[in-house]
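Visitor: Below is a structure I'd like to ask you about.
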Amino acid sequence: MCGIVGYIGKQNAYPILLKGLKRLEYRGYDSAGVALLNGDINVYKKQGKVTDLEDYCTGQDTTGSIGIGHTRWATHGEPSDVNAHPHVSMNGIFTIIHNGIIENYSYLKGSLEEQGYAFRSETDTEVLANLIEYIYRSQEVSAEIAVRLALSKVIGAYGLVILCSEEKDKIIAARKSSPLVIGLGENEYFLASDATPIIEYTDRVIYLDNDDVAVIKMDELVLKTTVRDDALAARVQTLDLGISEIEKNGYDHFMLKEIFEQPRAIRDTFRGRLNLEKNEIKLGGLYNVYDKLIEAKRIVILACGTSWHAGLVGEYLFEDLARVQVEVDYASEFRYRNPVICKEDIVIAISQSGETADTLAAIQLAKESGATVLGICNVVGSSISRETHAGVYTHAGPEIGVASTKAFTAQVTVLTMMAMMVARSRGLIADDRYAALLNELEAIPGKIEKILEHDDALKEIATIYKDVTNALYLGRGVSYPVALEGALKLKEISYIHAEGYPAAEMKHGPIALIDENMPVVVIATRDNSYEKIVSNVQEVKARNGVVIAIVTEGDDTIVKMADHVIAIPDTDPVLVSLLSSIPLQLIAYHIAVMRGCNVDQPRNLAKSVTVE
C-alpha cells in the first residue's frame with residue numbers, strides 16, 4: 001500500500017527521494033517522510049501529500065548521499081506527523097521505513113515495554129525499529145544480523161529499508177510478501193517498492209524474493225536470506241519501461257491518460273499472440289500447463305475489486321465458449337470459508353499489480369491443495385508472476401491512477417484469448433465462428449478509438465448528473481460485471497453512492513429506489529437478452545426514473561425510451577464488455593473532476609493493496 005524509495009551513491013539523495021515519492025504517491029498519500037544520512041541522520045516527515053513534505057523541508061538541511069523515503073497509506077494509527085514514516089528507534093540507532101503489516105506487533109511491543117522501551121507512535125513499524133535496536137544492543141551483533149534476527153521473530157508482511165546511525169556506510173533492505181526492487185547504477189543503488197522511481201536512472205534491477213535481505217554499500221551489494229548467512233547470487237533483470245509511460249503526457253490526470261491508452265494497451269496485450277493469417281492464438285506463458293487447462297473440469301477465478309469484475313466476465317466467456325464450470329471468488333474471502341479445491345482444478349489469480357496480498361494468500365492455499373495456479377497480472381517480476389505455476393502478462397503498461405481502467409480491459413482481453421483457445425482445443429467452437437471472433441477482437445482497439453471521439457458528449461451527460469447522491473447500474477449476462485465496474489468507478493473517485501445490479505433482479509427490491517432523482521445506467525446492447533433489458537428500461541421509466549442507456553449503434557427501440565443514449569459500435573456479444581466499459585469510465589471521470597475530487601488519488605484508497 002505504501003511507497004518506498006531509497007538511494008546510496010555519490011549524488012545528493014534528497015532530490016532523488018522526493019521525485020521518487022511523487023512517482024509513488026499513488027501507493028499511499030496520507031503522509032510522507034525522508035531520512036538523510038550526513039554524519040547524523042536527519043528525519044523529516046509530514047502528514048499530507050508529498051508536496052506538504054517538500055514545503056516542510058524548505059530551509060532544512062537536506063544534504064547527504066544516503067537516504068530513504070516513504071509515502072504512507074495508514075494501517076496502524078491515523079494519518080499524522082507522528083505516525084508518518086520513517087520511524088526511529090528509541091535510542092536513535094535505527095531508522096526504518098516499512099510497507100506491510102506486522103501481525104504480532106502487539107505481543108512484540110509488550111515484550112519491549114518490559115525491557116524499558118517507550119513508544120511515540122501508534123504504528124507497528126516503530127515496534128520493529130525498537131526490536132532491531134534491542135537485539136543489536138543486547139546481543140552485540142552487527143546491524144545486518146540484528147535485522148535478520150528480528151525478522152525471524154516477526155509474523156506478517158514487510159518491505160523494509162533501514163539505516164543504522166552506527167554503521168553509516170550502508171542501507172539494509174528486506175522483503176516478505178511486499179515488493180522491493182533494487183536498481184543498479186555506477187557505484188550507486190536505487191531502492192523502491194516498484195520500478196517507477198528507478199527507470200529514470202537505470203533499467204537494470206534486482207527484484208527481492210521472499211525472505212531476502214540485501215546489504216547495500218556504495219560499491220557493493222550482498223544478498224542473503226533471513227535464515228541463511230551464505231551470499232546468494234542476484235538475478236539482474238532489464239526493465240521494459242519508458243519514462244514517458246509514467247508521465248501524464250499532456251493529460252490533466254493519469255486516469256484520463258489511461259482511459260485513452262486502452263486501444264494501445266489492448267493491442268499490446270494481443271500483439272504477437274493473435275495471428276489472423278494462421279487463424280490462431282498463442283499464449284506462451286501457458287505452454288507448460290496447457291494440457292491441464294484443456295482438460296480442466298472446473299476453473300476457479302480469484303481476484304479483488306476491478307480484477308474480480310474482470311473475472312466475472314471471464315466466467316461468462318469460459319462457460320459460454322469452452323463449456324467449463326467456473327467459480328469466481330473474492331480472494332479476500334476465499335481462504336476464510338474452507339473452500340473445496342481439487343487437484344484437477346485450474347485456479348486463475350488476477351491482479352493488476354501482481355502484489356495484492358489477499359490474492360497471494362489465496363494462491364498459497366490453492367497451491368497447498370494441489371491445484372494448478374495461473375496468474376494474470378500487469379507487472380513483470382511481481383509476486384504473483386513468481387508464485388504461480390504459469391500465467392499471462394497483460395502488457396497494459398504502468399497504471400498510475402488508483403481507479404483501474406486499462407488494466408480491466410487488458411485483463412478481459414487475456415481472459416477472452418484463453419477462453420477461445422480452450423474452446424477451440426476442445427472442439428467446441430466452429431472454425432468460422434473462431435475466425436470471426438479473432439477478427440472482431442483485432443478490431444476492438446479501433447472501435448474503442450471511435451468511442452473516445454465522443455468524450456465531449458459524455459462530458460455533457462456528466463454535467464447533468466454531477467450532483468446526484470445515488471446511481472444504479474444495470475446489466476444482464478456479460479454486461480452485469482460491466483454494471484458492477486461502472487458503479488465502482490463512480491463511487492471510488494466521485495464518492496457518489498452507486499450500485500451495480502443484475503437487471504432482472506431489479507424488481508426484487510432495488511426498484512423501490514427508483515425516482516426522478518436517481519439516474520439508472522443500463523447497459524442495453526444487442527444480445528440474446530435484449531428484449532428483456534428493454535422491459536427493464538420500461539419498468540424504470542414507468543416509475544419516473546431517469547435512464548442513461550448504452551446501446552448498440554443503430555438501436556431504434558431504447559433510443560425512444562431513454563433520457564440519454566450512448567451508442568457504441570456493434571461487436572460480438574462475447575466482446576461487448578471491452579466497449580461498454582469505456583463510456584462508464586469517462587462519465588465517472590468527468591463527474592469526479594466536476595465535483596472537485598482528486599481523481600488520481602481518491603480518499604482512503606491506494607493503488608496496490610499489499611496488506612490483508
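Please note that chains go A, B, ... in the order of the C-alpha cells, that every chain numbers its residues from 1, and that ligands are numbered from 1 in the order shown.
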I want to know what sits within 6 Å of Gly48 (chain A), based on only C-alpha atoms, with residues of the same chain fewer than 4 positions away left out; could you give that as a VMD selection string?
Guide: chain A and resid 30 to 31 52
Visitor: Can I get the selected residues back with all heavy atoms, as an mmCIF file, in the first residue's frame?
Guide:
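Now in again28.cif:
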```
data_model
loop_
_atom_site.group_PDB
_atom_site.id
_atom_site.type_symbol
_atom_site.label_atom_id
_atom_site.label_comp_id
_atom_site.auth_asym_id
_atom_site.auth_seq_id
_atom_site.Cartn_x
_atom_site.Cartn_y
_atom_site.Cartn_z
ATOM 1 N N ASP A 30 -1.330 9.522 2.668
ATOM 2 C CA ASP A 30 -1.760 10.066 3.960
ATOM 3 C C ASP A 30 -0.678 10.920 4.598
ATOM 4 O O ASP A 30 -0.961 11.871 5.326
ATOM 5 C CB ASP A 30 -2.103 8.924 4.931
ATOM 6 C CG ASP A 30 -3.320 8.130 4.482
ATOM 7 O OD1 ASP A 30 -4.175 8.717 3.804
ATOM 8 O OD2 ASP A 30 -3.406 6.943 4.806
ATOM 9 N N SER A 31 0.595 10.551 4.367
ATOM 10 C CA SER A 31 1.725 11.277 4.927
ATOM 11 C C SER A 31 2.971 10.850 4.173
ATOM 12 O O SER A 31 2.956 9.879 3.415
ATOM 13 C CB SER A 31 1.887 10.984 6.431
ATOM 14 O OG SER A 31 2.052 9.602 6.654
ATOM 15 N N ASP A 52 3.409 18.647 0.704
ATOM 16 C CA ASP A 52 3.459 19.168 2.074
ATOM 17 C C ASP A 52 4.817 18.879 2.708
ATOM 18 O O ASP A 52 5.384 19.714 3.417
ATOM 19 C CB ASP A 52 2.343 18.552 2.921
ATOM 20 C CG ASP A 52 0.957 18.927 2.424
ATOM 21 O OD1 ASP A 52 0.721 20.125 2.207
ATOM 22 O OD2 ASP A 52 0.132 18.026 2.249
#
```
Visitor: Which residues come within 12 Å of region 270-280 of chain A, counting only C-alpha atoms, excluding same-chain residues fewer than 4 positions away, as a PyMOL selection string?
Guide: chain A and resi 263-266+284-286+392-396+409-418+420-422+424-425+431-445
Visitor: Which residues are close to Ala503 (chain A), i.e. within 9 Å by only C-alpha atoms, leaving aside same-chain residues fewer than 6 positions away? Reply as number ranges by chain.
Guide: A: 473-476, 480, 522, 532-533, 536
Visitor: Quick one, how far is CA of Lys168 (chain A) from CA of Val5 (chain A)?
Guide: 17.8 Å
Visitor: Run DSSP on the backbone of this structure and report the residues of region 185-305 of chain A it assigns to strand (DSSP E or B), as a PyMOL selection string.
Guide: chain A and resi 189-192+204-207+212-217+220-225+232+237-238+274-275+280-281+298-303
Visitor: Quick check, in Å to one decimal: how far apart do CA of Gly33 (chain A) and CA of His70 (chain A) lie?
Guide: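 Straight-line distance from CA of Gly33 (chain A) to CA of His70 (chain A) works out to 5.4 Å.
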Visitor: With the cut-off set at 12 Å and counting only C-alpha atoms, tabulate each residue of region 319-396 of chain A with an atom at most that distance from an atom of region 94-106 of chain A, showing the nearest atom pair and its distance in Å to one decimal, ordered by chain and increasing number, as CSV.
Guide:
```
residue,atom,partner,partner_atom,distance
A:Glu355,CA,A:Gly100,CA,11.2
A:Thr356,CA,A:Gly100,CA,11.3
A:Ala357,CA,A:Gly100,CA,9.3
```
Visitor: Go ahead and write the residues just picked, all heavy atoms, as a short mmCIF file (atom, residue, chain, number, x, y, z; two decimals), in the first residue's frame.
Guide:
```cif
data_model
loop_
_atom_site.label_atom_id
_atom_site.label_comp_id
_atom_site.auth_asym_id
_atom_site.auth_seq_id
_atom_site.Cartn_x
_atom_site.Cartn_y
_atom_site.Cartn_z
N GLU A 355 0.74 -7.91 -6.73
CA GLU A 355 1.19 -7.87 -5.33
C GLU A 355 0.03 -7.89 -4.35
O GLU A 355 0.24 -7.73 -3.15
CB GLU A 355 2.04 -6.62 -5.08
CG GLU A 355 3.27 -6.47 -5.95
CD GLU A 355 4.34 -7.53 -5.69
OE1 GLU A 355 4.22 -8.24 -4.66
OE2 GLU A 355 5.27 -7.65 -6.50
N THR A 356 -1.20 -8.05 -4.81
CA THR A 356 -2.37 -7.99 -3.95
C THR A 356 -2.28 -9.06 -2.86
O THR A 356 -2.28 -10.27 -3.15
CB THR A 356 -3.66 -8.16 -4.76
OG1 THR A 356 -3.64 -7.26 -5.87
CG2 THR A 356 -4.88 -7.90 -3.90
N ALA A 357 -2.22 -8.63 -1.61
CA ALA A 357 -1.94 -9.55 -0.51
C ALA A 357 -3.02 -10.63 -0.37
O ALA A 357 -2.71 -11.81 -0.16
CB ALA A 357 -1.81 -8.77 0.80
#
```
Visitor: Excluding Leu232 (chain A) and residues on its chain fewer than 4 positions from it, collect all residues at most 8 Å away from it, counting only C-alpha atoms, and give them as a compact mmCIF listing (two decimals) with N, CA and C atoms, in the first residue's frame.
Guide:
```txt
# COMPACT_ATOMS: atom_id res chain seq x y z
N VAL A 222 25.30 -7.23 -1.22
CA VAL A 222 25.34 -8.61 -0.76
C VAL A 222 23.92 -9.04 -0.44
N LEU A 223 23.53 -10.16 -1.03
CA LEU A 223 22.16 -10.66 -0.88
C LEU A 223 22.19 -11.94 -0.06
N LYS A 224 21.39 -11.98 1.02
CA LYS A 224 21.28 -13.16 1.86
C LYS A 224 19.80 -13.41 2.12
```
Visitor: Work out how far CA of Leu241 (chain A) is from CA of Val161 (chain A), in Å to one decimal.
Guide: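 One can read the CA of Val161 (chain A) to CA of Leu241 (chain A) distance as 24.0 Å.
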Visitor: Any idea what's packed within 10 Å of His590 (chain A), counting only C-alpha atoms, ignoring anything in its chain fewer than 5 positions away? Could you give it as number ranges by chain?
Guide: A: 256, 455-456, 458-463, 466, 490, 493-494, 585, 595-596, 599
Visitor: Would you please work out which residue, of A:Phe318, A:Tyr207, A:Tyr501, A:Tyr530, is nearest to Arg426 (chain A) when using only C-alpha atoms?
Guide: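 The answer is A:Phe318, which sits nearest to Arg426 (chain A).
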Visitor: Can you list, as a PyMOL selection string, every protein, DNA or RNA residue that comes within 8 Å of Arg298 (chain A) when you count only C-alpha atoms, leaving out same-chain residues fewer than 4 positions away?
Guide: chain A and resi 324-327+344-346
Visitor: For Asp527 (chain A), list every protein, DNA or RNA residue within 12 Å, evaluated using only C-alpha atoms, and leave out those in the same chain fewer than 2 positions away; present the list as a list of chain:residue names.
Guide: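 That gives A:Gly475, A:Arg476, A:Gly477, A:Val478, A:Ser479, A:Ile523, A:Ala524, A:Thr525, A:Ser529, A:Tyr530, A:Glu531, A:Lys532, A:Ile533, A:Val534, A:Val551, A:Thr552, A:Asp555, A:Asp570, A:Thr571, A:Asp572, A:Pro573, A:Val574, A:Leu575, A:Val576.
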Visitor: Could you please take those selected residues and save N, CA and C atoms as a PDB file, in the first residue's frame?
Guide:
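Listing of again.pdb after writing:
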```
ATOM      1  N   GLY A 475     -27.253  -4.417 -15.755  1.00  0.00           N
ATOM      2  CA  GLY A 475     -26.803  -5.172 -16.917  1.00  0.00           C
ATOM      3  C   GLY A 475     -27.221  -6.618 -16.788  1.00  0.00           C
ATOM      4  N   ARG A 476     -27.260  -7.310 -17.902  1.00  0.00           N
ATOM      5  CA  ARG A 476     -27.606  -8.737 -17.912  1.00  0.00           C
ATOM      6  C   ARG A 476     -26.471  -9.510 -18.567  1.00  0.00           C
ATOM      7  N   GLY A 477     -26.301 -10.771 -18.170  1.00  0.00           N
ATOM      8  CA  GLY A 477     -25.264 -11.599 -18.769  1.00  0.00           C
ATOM      9  C   GLY A 477     -23.894 -11.003 -18.553  1.00  0.00           C
ATOM     10  N   VAL A 478     -23.104 -10.954 -19.631  1.00  0.00           N
ATOM     11  CA  VAL A 478     -21.751 -10.429 -19.527  1.00  0.00           C
ATOM     12  C   VAL A 478     -21.739  -8.940 -19.199  1.00  0.00           C
ATOM     13  N   SER A 479     -22.867  -8.269 -19.357  1.00  0.00           N
ATOM     14  CA  SER A 479     -22.938  -6.837 -19.039  1.00  0.00           C
ATOM     15  C   SER A 479     -23.193  -6.575 -17.562  1.00  0.00           C
ATOM     16  N   ILE A 523     -26.850  -0.982 -19.347  1.00  0.00           N
ATOM     17  CA  ILE A 523     -26.079  -1.499 -20.481  1.00  0.00           C
ATOM     18  C   ILE A 523     -27.035  -2.343 -21.296  1.00  0.00           C
ATOM     19  N   ALA A 524     -27.435  -1.825 -22.446  1.00  0.00           N
ATOM     20  CA  ALA A 524     -28.548  -2.409 -23.218  1.00  0.00           C
ATOM     21  C   ALA A 524     -28.125  -2.688 -24.651  1.00  0.00           C
ATOM     22  N   THR A 525     -26.967  -3.285 -24.821  1.00  0.00           N
ATOM     23  CA  THR A 525     -26.501  -3.636 -26.159  1.00  0.00           C
ATOM     24  C   THR A 525     -27.242  -4.870 -26.666  1.00  0.00           C
ATOM     25  N   SER A 529     -30.470 -11.328 -24.715  1.00  0.00           N
ATOM     26  CA  SER A 529     -31.358 -10.856 -23.646  1.00  0.00           C
ATOM     27  C   SER A 529     -31.837  -9.426 -23.898  1.00  0.00           C
ATOM     28  N   TYR A 530     -31.695  -8.966 -25.143  1.00  0.00           N
ATOM     29  CA  TYR A 530     -32.032  -7.577 -25.454  1.00  0.00           C
ATOM     30  C   TYR A 530     -33.488  -7.250 -25.130  1.00  0.00           C
ATOM     31  N   GLU A 531     -34.411  -8.117 -25.514  1.00  0.00           N
ATOM     32  CA  GLU A 531     -35.827  -7.833 -25.263  1.00  0.00           C
ATOM     33  C   GLU A 531     -36.108  -7.725 -23.775  1.00  0.00           C
ATOM     34  N   LYS A 532     -35.401  -8.509 -22.976  1.00  0.00           N
ATOM     35  CA  LYS A 532     -35.576  -8.441 -21.521  1.00  0.00           C
ATOM     36  C   LYS A 532     -35.081  -7.111 -20.963  1.00  0.00           C
ATOM     37  N   ILE A 533     -33.940  -6.636 -21.479  1.00  0.00           N
ATOM     38  CA  ILE A 533     -33.407  -5.371 -20.975  1.00  0.00           C
ATOM     39  C   ILE A 533     -34.308  -4.211 -21.391  1.00  0.00           C
ATOM     40  N   VAL A 534     -34.953  -4.340 -22.556  1.00  0.00           N
ATOM     41  CA  VAL A 534     -35.941  -3.329 -22.962  1.00  0.00           C
ATOM     42  C   VAL A 534     -37.061  -3.256 -21.923  1.00  0.00           C
ATOM     43  N   VAL A 551     -26.170   1.609 -25.773  1.00  0.00           N
ATOM     44  CA  VAL A 551     -26.823   0.769 -26.777  1.00  0.00           C
ATOM     45  C   VAL A 551     -25.874   0.513 -27.938  1.00  0.00           C
ATOM     46  N   THR A 552     -26.252  -0.445 -28.762  1.00  0.00           N
ATOM     47  CA  THR A 552     -25.508  -0.722 -29.986  1.00  0.00           C
ATOM     48  C   THR A 552     -25.902   0.286 -31.055  1.00  0.00           C
ATOM     49  N   ASP A 555     -29.535   1.190 -32.819  1.00  0.00           N
ATOM     50  CA  ASP A 555     -30.686   0.843 -31.979  1.00  0.00           C
ATOM     51  C   ASP A 555     -31.826   1.830 -32.233  1.00  0.00           C
ATOM     52  N   ASP A 570     -21.063  -1.825 -33.034  1.00  0.00           N
ATOM     53  CA  ASP A 570     -21.536  -3.202 -32.941  1.00  0.00           C
ATOM     54  C   ASP A 570     -20.345  -4.144 -32.811  1.00  0.00           C
ATOM     55  N   THR A 571     -20.509  -5.177 -32.025  1.00  0.00           N
ATOM     56  CA  THR A 571     -19.485  -6.206 -31.887  1.00  0.00           C
ATOM     57  C   THR A 571     -20.149  -7.496 -31.456  1.00  0.00           C
ATOM     58  N   ASP A 572     -19.394  -8.569 -31.449  1.00  0.00           N
ATOM     59  CA  ASP A 572     -19.918  -9.837 -30.955  1.00  0.00           C
ATOM     60  C   ASP A 572     -20.254  -9.693 -29.474  1.00  0.00           C
ATOM     61  N   PRO A 573     -21.385 -10.214 -29.018  1.00  0.00           N
ATOM     62  CA  PRO A 573     -21.752 -10.092 -27.601  1.00  0.00           C
ATOM     63  C   PRO A 573     -20.674 -10.589 -26.643  1.00  0.00           C
ATOM     64  N   VAL A 574     -19.865 -11.547 -27.062  1.00  0.00           N
ATOM     65  CA  VAL A 574     -18.783 -12.054 -26.217  1.00  0.00           C
ATOM     66  C   VAL A 574     -17.787 -10.946 -25.879  1.00  0.00           C
ATOM     67  N   LEU A 575     -17.616  -9.988 -26.772  1.00  0.00           N
ATOM     68  CA  LEU A 575     -16.593  -8.949 -26.623  1.00  0.00           C
ATOM     69  C   LEU A 575     -17.146  -7.604 -26.182  1.00  0.00           C
ATOM     70  N   VAL A 576     -18.437  -7.510 -25.948  1.00  0.00           N
ATOM     71  CA  VAL A 576     -19.053  -6.199 -25.759  1.00  0.00           C
ATOM     72  C   VAL A 576     -18.551  -5.481 -24.513  1.00  0.00           C
TER      73      VAL A 576
END
```
Visitor: Where does DSSP see helix (DSSP H, G or I) in region 292-500 of chain A, if you list the residues as number ranges by chain?
Guide: A: 292-295, 305-322, 331-334, 357-368, 383-387, 406-425, 431-452, 455-465, 479-494
